[in-house]
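File shown: work-v3.tsv. Contents: TSV, C-alpha atoms.
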```tsv
chain	number	residue	atom	x	y	z
A	1	MET	CA	108.93	98.92	78.28
A	2	ASN	CA	109.74	97.50	81.64
A	3	SER	CA	108.96	94.93	84.25
A	4	PHE	CA	108.10	94.89	87.93
A	5	PHE	CA	111.09	92.62	88.33
A	6	GLN	CA	113.15	94.88	86.04
A	7	LYS	CA	114.02	92.06	83.66
A	8	SER	CA	111.56	92.22	80.78
A	9	PRO	CA	110.86	94.48	77.78
A	10	MET	CA	107.81	96.02	79.39
A	11	GLU	CA	107.05	96.73	82.99
A	12	THR	CA	104.72	94.64	85.11
A	13	ALA	CA	103.55	95.91	88.44
A	14	LYS	CA	102.72	94.10	91.61
A	15	VAL	CA	99.10	94.25	92.60
A	16	GLY	CA	99.50	95.71	96.09
A	17	ASN	CA	97.17	94.98	98.97
A	18	SER	CA	93.63	94.09	98.02
A	19	PRO	CA	90.71	95.37	100.10
A	20	SER	CA	89.97	91.78	101.12
A	21	ARG	CA	93.36	91.50	102.78
A	22	ALA	CA	92.90	94.77	104.58
A	23	PHE	CA	89.55	93.59	105.90
A	24	PHE	CA	91.01	90.22	106.86
A	25	LEU	CA	93.51	91.93	109.10
A	26	ALA	CA	90.91	94.26	110.56
A	27	PHE	CA	88.59	91.37	111.35
A	28	LEU	CA	91.47	89.44	112.90
A	29	ALA	CA	92.10	92.35	115.23
A	30	VAL	CA	88.41	92.51	116.18
A	31	GLN	CA	88.55	88.86	117.20
A	32	ILE	CA	91.59	89.57	119.35
A	33	ILE	CA	89.92	92.34	121.32
A	34	GLY	CA	86.91	90.13	121.93
A	35	THR	CA	89.05	87.77	124.02
A	36	SER	CA	91.73	90.01	125.48
A	37	PHE	CA	89.87	92.90	127.14
A	38	SER	CA	89.10	93.05	130.82
A	39	CYS	CA	85.99	94.97	131.79
A	40	THR	CA	86.93	98.48	132.85
A	41	ASN	CA	85.48	101.80	131.80
A	42	ASN	CA	88.61	102.77	129.83
A	43	THR	CA	88.86	99.47	128.01
A	44	ASP	CA	85.14	99.51	127.19
A	45	GLU	CA	85.48	103.02	125.75
A	46	ALA	CA	88.64	102.01	123.88
A	47	ALA	CA	86.79	99.04	122.40
A	48	GLN	CA	83.98	101.28	121.17
A	49	PHE	CA	86.40	103.69	119.49
A	50	PHE	CA	88.27	100.73	118.00
A	51	LEU	CA	85.11	99.26	116.49
A	52	ARG	CA	84.18	102.66	115.04
A	53	GLY	CA	87.62	102.82	113.51
A	54	ASN	CA	87.11	99.41	111.91
A	55	VAL	CA	83.85	100.59	110.35
A	56	GLN	CA	85.59	103.61	108.84
A	57	LEU	CA	88.50	101.45	107.68
A	58	GLN	CA	86.14	99.18	105.79
A	59	LYS	CA	84.44	102.24	104.27
A	60	ARG	CA	87.92	103.46	103.20
A	61	GLU	CA	87.51	106.62	105.26
A	62	TYR	CA	91.08	106.38	106.43
A	63	LYS	CA	91.49	109.70	108.21
A	64	GLU	CA	88.34	109.07	110.23
A	65	ALA	CA	89.57	105.56	111.03
A	66	ILE	CA	92.90	107.01	112.23
A	67	ARG	CA	91.01	109.47	114.46
A	68	PHE	CA	88.97	106.72	116.12
A	69	TYR	CA	91.98	104.46	116.63
A	70	SER	CA	93.86	107.37	118.19
A	71	GLU	CA	90.94	107.91	120.58
A	72	ALA	CA	91.10	104.22	121.48
A	73	LEU	CA	94.82	104.55	122.22
A	74	GLU	CA	94.24	107.54	124.47
A	75	LYS	CA	91.94	105.34	126.56
A	76	LYS	CA	94.19	102.29	126.41
A	77	PRO	CA	97.84	103.10	125.52
A	78	ASP	CA	98.85	99.41	125.42
A	79	PHE	CA	96.15	98.54	122.85
A	80	ALA	CA	98.23	96.62	120.30
A	81	ASP	CA	95.26	95.97	118.01
A	82	ALA	CA	94.57	99.70	117.70
A	83	TYR	CA	98.20	100.38	116.80
A	84	ASN	CA	98.01	97.67	114.16
A	85	ASN	CA	94.79	98.87	112.58
A	86	ARG	CA	95.80	102.53	112.77
A	87	GLY	CA	98.95	101.49	110.93
A	88	LEU	CA	96.80	99.82	108.30
A	89	ALA	CA	94.72	102.98	107.89
A	90	LYS	CA	97.88	105.09	107.58
A	91	PHE	CA	99.30	102.68	105.01
A	92	ARG	CA	96.10	102.98	102.99
A	93	ASP	CA	96.35	106.76	103.31
A	94	ASP	CA	99.89	106.65	101.81
A	95	ASP	CA	101.63	107.39	105.10
A	96	ARG	CA	104.29	104.67	104.98
A	97	GLU	CA	106.43	106.14	107.76
A	98	GLY	CA	103.45	106.48	110.11
A	99	ALA	CA	102.29	102.96	109.31
A	100	LEU	CA	105.73	101.52	110.01
A	101	ALA	CA	105.86	103.30	113.38
A	102	ASP	CA	102.42	102.01	114.39
A	103	TYR	CA	103.13	98.43	113.38
A	104	THR	CA	106.37	98.57	115.36
A	105	ARG	CA	104.49	99.88	118.41
A	106	ALA	CA	101.98	97.04	118.05
A	107	ILE	CA	104.82	94.51	118.01
A	108	GLN	CA	106.55	96.15	120.97
A	109	THR	CA	103.28	95.93	122.89
A	110	ASP	CA	102.61	92.33	121.90
A	111	THR	CA	105.67	90.49	120.60
A	112	ASP	CA	103.52	87.58	119.36
A	113	PHE	CA	101.16	89.75	117.28
A	114	GLY	CA	101.33	87.95	113.92
A	115	ALA	CA	99.12	90.39	111.98
A	116	ALA	CA	101.37	93.30	112.92
A	117	TYR	CA	104.45	91.43	111.69
A	118	LEU	CA	102.64	90.67	108.44
A	119	ASN	CA	101.64	94.30	108.01
A	120	ARG	CA	105.08	95.61	108.89
A	121	ALA	CA	106.61	93.22	106.35
A	122	GLU	CA	104.33	94.83	103.76
A	123	VAL	CA	105.56	98.34	104.54
A	124	LEU	CA	109.19	97.26	104.65
A	125	LEU	CA	108.81	95.66	101.23
A	126	GLU	CA	107.14	98.78	99.84
A	127	THR	CA	109.94	100.99	101.16
A	128	GLY	CA	112.77	98.86	99.80
A	129	ASP	CA	113.79	96.85	102.86
A	130	ALA	CA	113.20	93.36	101.47
A	131	ALA	CA	115.59	91.77	103.97
A	132	GLY	CA	113.66	93.32	106.87
A	133	SER	CA	110.41	92.18	105.30
A	134	LEU	CA	111.67	88.62	105.04
A	135	ALA	CA	112.78	88.64	108.68
A	136	ASP	CA	109.29	89.62	109.80
A	137	LEU	CA	107.66	87.02	107.56
A	138	GLN	CA	109.95	84.28	108.80
A	139	ARG	CA	109.09	85.28	112.37
A	140	ILE	CA	105.44	84.30	111.76
A	141	GLU	CA	105.85	81.58	109.14
A	142	GLN	CA	104.57	78.76	111.34
A	143	GLN	CA	101.51	80.79	112.26
A	144	TYR	CA	100.66	81.92	108.73
A	145	ARG	CA	102.02	79.19	106.49
A	146	ASP	CA	98.47	78.24	105.43
A	147	SER	CA	97.48	81.82	104.56
A	148	THR	CA	97.33	82.60	100.84
A	149	PHE	CA	98.00	86.27	101.65
A	150	PHE	CA	101.13	85.41	103.59
A	151	GLN	CA	102.47	83.13	100.85
A	152	THR	CA	101.84	85.81	98.20
A	153	ARG	CA	103.75	88.42	100.17
A	154	LEU	CA	106.53	85.93	100.85
A	155	GLY	CA	106.79	85.35	97.09
A	156	ASP	CA	106.97	89.09	96.45
A	157	THR	CA	109.73	89.42	99.03
A	158	TYR	CA	111.79	86.63	97.48
A	159	VAL	CA	111.41	88.32	94.09
A	160	ARG	CA	112.88	91.53	95.52
A	161	LEU	CA	115.72	89.48	96.99
A	162	ASN	CA	116.41	87.96	93.56
A	163	ASN	CA	115.48	84.46	94.69
A	164	PRO	CA	113.08	83.31	91.96
A	165	ALA	CA	113.10	79.65	93.02
A	166	GLN	CA	111.76	80.45	96.49
A	167	ALA	CA	109.35	83.01	95.03
A	168	GLN	CA	107.94	80.30	92.76
A	169	VAL	CA	107.43	77.96	95.73
A	170	SER	CA	105.56	80.65	97.64
A	171	TYR	CA	103.31	81.68	94.75
A	172	ASP	CA	102.52	78.04	94.01
A	173	ARG	CA	101.59	77.51	97.65
A	174	ALA	CA	99.42	80.65	97.67
A	175	LEU	CA	97.50	79.31	94.69
A	176	GLN	CA	97.17	75.83	96.16
A	177	LEU	CA	95.55	77.46	99.17
A	178	GLN	CA	93.33	79.74	97.06
A	179	PRO	CA	93.27	79.17	93.29
A	180	THR	CA	91.30	82.42	92.83
A	181	ASN	CA	94.03	84.61	94.39
A	182	VAL	CA	94.33	87.16	91.59
A	183	GLU	CA	97.36	88.85	93.11
A	184	ALA	CA	99.30	85.59	93.30
A	185	LEU	CA	98.34	84.73	89.71
A	186	THR	CA	99.40	88.15	88.48
A	187	ASN	CA	102.72	88.14	90.28
A	188	ARG	CA	103.55	84.55	89.41
A	189	GLY	CA	102.81	85.46	85.79
A	190	ALA	CA	105.29	88.32	86.05
A	191	LEU	CA	107.84	85.93	87.53
A	192	TYR	CA	107.30	83.50	84.65
A	193	PHE	CA	107.77	86.35	82.18
A	194	SER	CA	111.05	87.37	83.78
A	195	GLN	CA	112.22	83.78	83.31
A	196	LYS	CA	111.09	83.77	79.65
A	197	ALA	CA	108.42	81.15	80.41
A	198	TYR	CA	105.97	83.01	78.22
A	199	GLU	CA	103.23	80.40	77.91
A	200	GLN	CA	102.99	80.03	81.69
A	201	ALA	CA	103.00	83.83	82.03
A	202	ARG	CA	100.18	84.06	79.51
A	203	ALA	CA	98.14	81.39	81.29
A	204	ASP	CA	98.43	83.11	84.67
A	205	SER	CA	97.66	86.57	83.27
A	206	GLU	CA	94.61	85.35	81.40
A	207	GLN	CA	93.31	83.45	84.43
A	208	ALA	CA	93.77	86.56	86.58
A	209	LEU	CA	91.76	88.59	84.06
A	210	ARG	CA	89.02	85.97	83.91
A	211	LEU	CA	88.68	86.29	87.68
A	212	ASN	CA	88.93	90.08	87.66
A	213	PRO	CA	88.73	91.77	84.22
A	214	LYS	CA	89.63	95.11	85.82
A	215	GLN	CA	92.80	93.97	87.57
A	216	ASP	CA	95.19	96.69	86.43
A	217	ALA	CA	98.46	94.79	86.91
A	218	ALA	CA	97.12	91.78	85.02
A	219	LEU	CA	95.95	94.08	82.22
A	220	ASN	CA	99.41	95.59	82.05
A	221	ASN	CA	101.00	92.14	82.01
A	222	LYS	CA	98.73	91.07	79.17
A	223	SER	CA	99.92	94.17	77.32
A	224	LEU	CA	103.50	93.05	77.96
A	225	LEU	CA	102.88	89.68	76.36
A	226	LEU	CA	101.15	91.17	73.34
A	227	ALA	CA	103.99	93.66	72.83
A	228	ARG	CA	106.51	90.85	72.90
A	229	ASP	CA	104.67	89.31	69.94
A	230	GLY	CA	104.69	92.65	68.11
A	231	ASN	CA	100.95	93.26	68.60
A	232	TYR	CA	101.49	96.85	69.65
A	233	ALA	CA	98.02	98.24	68.89
A	234	GLU	CA	96.30	95.51	70.90
A	235	ALA	CA	98.88	95.86	73.66
A	236	LEU	CA	98.14	99.59	73.82
A	237	ALA	CA	94.45	98.91	74.42
A	238	PHE	CA	95.29	96.75	77.44
A	239	VAL	CA	97.70	99.20	79.05
A	240	GLU	CA	95.16	101.98	78.55
A	241	ARG	CA	92.65	99.89	80.51
A	242	ALA	CA	95.24	99.53	83.26
A	243	LEU	CA	95.69	103.31	83.30
A	244	ILE	CA	91.96	103.83	83.75
A	245	ALA	CA	92.32	102.04	87.08
A	246	LYS	CA	95.58	103.78	88.04
A	247	PRO	CA	96.15	106.90	85.93
A	248	ASN	CA	99.37	107.87	87.73
A	249	GLN	CA	101.10	104.49	87.81
A	250	PRO	CA	104.57	105.32	86.45
A	251	TYR	CA	105.21	101.84	85.02
A	252	TYR	CA	101.98	101.91	83.04
A	253	LEU	CA	102.68	105.42	81.77
A	254	ASN	CA	106.10	104.36	80.57
A	255	ASN	CA	104.73	101.24	78.91
A	256	LYS	CA	102.16	103.28	77.04
A	257	ALA	CA	104.91	105.67	75.90
A	258	TYR	CA	106.95	102.75	74.61
A	259	LEU	CA	103.99	101.34	72.67
A	260	LEU	CA	103.27	104.74	71.14
A	261	LEU	CA	106.87	104.90	69.95
A	262	MET	CA	106.50	101.45	68.39
A	263	LEU	CA	103.34	102.70	66.66
A	264	ASN	CA	105.17	105.81	65.34
A	265	ARG	CA	103.03	108.11	67.50
A	266	THR	CA	106.15	109.84	68.75
A	267	ALA	CA	104.73	113.19	69.83
A	268	GLU	CA	102.22	111.49	72.13
A	269	ALA	CA	104.93	109.39	73.78
A	270	LEU	CA	107.17	112.17	75.12
A	271	PRO	CA	104.85	113.70	77.76
A	272	LEU	CA	103.99	110.23	79.07
A	273	VAL	CA	107.58	109.15	79.61
A	274	GLN	CA	108.40	112.53	81.13
A	275	GLU	CA	105.52	112.12	83.58
A	276	SER	CA	106.64	108.58	84.36
A	277	LEU	CA	110.11	109.88	85.23
A	278	ARG	CA	108.68	112.71	87.29
A	279	LEU	CA	106.84	110.12	89.38
A	280	ASP	CA	109.80	107.74	89.58
A	281	LYS	CA	113.15	109.05	88.37
A	282	THR	CA	114.89	105.80	89.35
A	283	ASN	CA	113.03	103.76	86.73
A	284	ALA	CA	115.73	102.58	84.33
A	285	TRP	CA	113.18	101.40	81.78
A	286	ALA	CA	111.65	104.86	81.50
A	287	HIS	CA	115.12	106.33	80.87
A	288	ARG	CA	115.51	103.73	78.13
A	289	THR	CA	112.18	104.80	76.60
A	290	LEU	CA	113.32	108.43	76.71
A	291	GLY	CA	116.51	107.39	74.93
A	292	LEU	CA	114.44	105.64	72.26
A	293	TYR	CA	112.44	108.82	71.78
A	294	TYR	CA	115.58	110.91	71.25
A	295	LEU	CA	117.08	108.27	68.97
A	296	ASN	CA	113.90	108.43	66.91
A	297	GLN	CA	114.21	112.22	66.80
A	298	LYS	CA	117.85	111.97	65.59
A	299	GLN	CA	119.22	113.58	68.73
A	300	PRO	CA	121.98	111.09	69.59
A	301	ALA	CA	123.60	113.14	72.35
A	302	LEU	CA	120.35	113.25	74.33
A	303	ALA	CA	119.70	109.59	73.55
A	304	LEU	CA	123.15	108.66	74.87
A	305	ALA	CA	122.56	110.56	78.09
A	306	ALA	CA	119.25	108.78	78.67
A	307	PHE	CA	120.64	105.32	77.86
A	308	LYS	CA	123.66	105.85	80.12
A	309	GLU	CA	121.37	106.87	82.97
A	310	ALA	CA	119.39	103.67	82.40
A	311	GLU	CA	122.63	101.67	82.47
A	312	LYS	CA	123.66	103.31	85.74
A	313	LEU	CA	120.33	102.43	87.34
A	314	ASP	CA	119.92	98.89	85.98
A	315	ALA	CA	122.26	97.44	83.37
A	316	SER	CA	119.95	94.43	82.88
A	317	VAL	CA	117.29	96.49	81.05
A	318	ASP	CA	116.29	94.60	77.93
A	319	ALA	CA	118.26	95.45	74.74
A	320	LEU	CA	119.87	98.43	76.48
A	321	TYR	CA	123.34	97.87	75.00
A	322	TYR	CA	121.89	97.37	71.56
A	323	TYR	CA	120.26	100.80	71.71
A	324	LEU	CA	123.21	102.41	73.45
A	325	GLY	CA	125.44	101.23	70.61
A	326	LYS	CA	122.96	102.57	68.06
A	327	ALA	CA	123.15	105.97	69.74
A	328	GLU	CA	126.97	105.84	69.70
A	329	LEU	CA	126.86	105.02	66.00
A	330	ALA	CA	124.38	107.82	65.31
A	331	ALA	CA	126.78	110.19	67.08
A	332	GLY	CA	129.55	109.13	64.67
A	333	ASN	CA	131.43	106.94	67.14
A	334	LYS	CA	131.62	103.52	65.50
A	335	THR	CA	134.45	102.38	67.76
A	336	GLY	CA	132.37	103.22	70.82
A	337	ALA	CA	129.35	101.51	69.29
A	338	CYS	CA	131.27	98.29	68.68
A	339	ALA	CA	132.68	98.36	72.21
A	340	THR	CA	129.18	98.86	73.60
A	341	TRP	CA	127.75	95.99	71.56
A	342	GLN	CA	130.62	93.83	72.78
A	343	ARG	CA	129.66	94.64	76.37
A	344	GLY	CA	126.08	93.82	75.53
A	345	GLU	CA	127.04	90.50	74.01
A	346	SER	CA	128.95	89.61	77.18
A	347	ALA	CA	125.81	90.48	79.18
A	348	GLY	CA	123.61	88.25	77.01
A	349	ASP	CA	122.02	90.98	74.83
A	350	GLU	CA	121.21	89.04	71.67
A	351	LEU	CA	120.41	92.14	69.63
A	352	ALA	CA	123.75	93.66	70.59
A	353	ARG	CA	125.50	90.45	69.52
A	354	ARG	CA	123.80	90.51	66.13
A	355	GLU	CA	124.64	94.17	65.58
A	356	ARG	CA	128.29	93.68	66.49
A	357	THR	CA	128.51	90.68	64.16
A	358	ALA	CA	126.96	92.65	61.30
A	359	ARG	CA	128.88	95.92	61.73
A	360	CYS	CA	132.11	95.36	63.62
A	361	GLN	CA	133.97	92.55	61.86
```

I'd like the structure from this file rewritten - as structure tokens, please.
Amino acid sequence: MNSFFQKSPMETAKVGNSPSRAFFLAFLAVQIIGTSFSCTNNTDEAAQFFLRGNVQLQKREYKEAIRFYSEALEKKPDFADAYNNRGLAKFRDDDREGALADYTRAIQTDTDFGAAYLNRAEVLLETGDAAGSLADLQRIEQQYRDSTFFQTRLGDTYVRLNNPAQAQVSYDRALQLQPTNVEALTNRGALYFSQKAYEQARADSEQALRLNPKQDAALNNKSLLLARDGNYAEALAFVERALIAKPNQPYYLNNKAYLLLMLNRTAEALPLVQESLRLDKTNAWAHRTLGLYYLNQKQPALALAAFKEAEKLDASVDALYYYLGKAELAAGNKTGACATWQRGESAGDELARRERTARCQ
């Protein structure tokens, strides 16, 4: 199974924006318009459309919110707050490109608009531009340094940039500012897991679930910890609860497939891992799970293809070289298996080291 940080045997997933953060940004924008508008007919009409958009945003009626914000912008084309909140509505409506364009317009209109930088950093992180996200966050760090939301997103960005020390500092700060920040607890727990600090990971995951028993990422992370201890049936129950909240989350689907394989429920696992890969074909951990399925089915050629695809995508996947060597051996290539386990040993794969010691002397 696999990890949000792509380092652990299962896969943890970042919580994403919470409704409270979305409303925080919307309310911030409302406060801005209360002090920045001059009294003209167009600006008064723009303000009314803007406020209607905020109501729809809070009701999660995103297309209606977008319509009202667009009306506001027709009345007042330099309305930075409307660009920002329309971007937020588009982001919530899964239009990342449209959100990015609107946040950029908000910043171009008001170069000191901190909320727009924070929102744009979110989209950049979601679309794989962690360096761009960090640049935006650093631009507003003095303004937002005491915001738990800002510190959480900064931690997420440092994780993507493979800077765990700075990520730790940011998550710790987020939780100093707000100990009940479930997202920060969940993501710090995932960071601890990636660093093999399992007791700290367990403490954060359990605290997150005490605060919000339905938090899907925390449920998935709890499943990760249980699986590590070999408690596959209990782990399955937790990941299934995560899937109730997000039925199409590819990480969760893959993790469930992996657990089913560990429980010898092989036939049930295949459609789940296939669906996970359909949703995200770049997920190395899901390719590893597919390889495990084929290895279980005594189809070494297909297993090798899946494991090699996983290696191409992310060679740090847990125990990958161990399983890749097993597939080579099953295909009758002991020399290739020993060479693979040797590579795994060099990469720190303990299972590969043990297998090479046992079989290749």

From CA of Gly332 in chain A to CA of Leu320 in chain A the spacing works out at 18.6 Å

From A:Ser170, A:Asn212, A:Asp129, A:Asn221, residue lying nearest Asp146 in chain A [all atoms listed in the file]
A:Ser170

Would you pick out the contacts of range 234-244 of chain A at 9 Å or less, using all atoms listed in the file, so that residues sharing its chain but fewer than 3 positions from it are not included, and give the list as an MDAnalysis selection string?
chainID A and resid 214:227 230:231 247:249 252:253 255:256 259:260

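Picture a line from CA of Arg105 in chain A to CA of Tyr83 in chain A; it runs 6.5 Å.
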
Which residue gives the smallest distance to Leu277 in chain A among A:Thr111, A:Thr127, A:Ser205, A:Thr289, with all atoms listed in the file counted?
A:Thr289

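Proximity to Phe49 in chain A was assessed for A:Asn84, A:Pro250, A:Glu61, A:Ala72 counting all atoms listed in the file; the smallest distance is recorded for A:Ala72.
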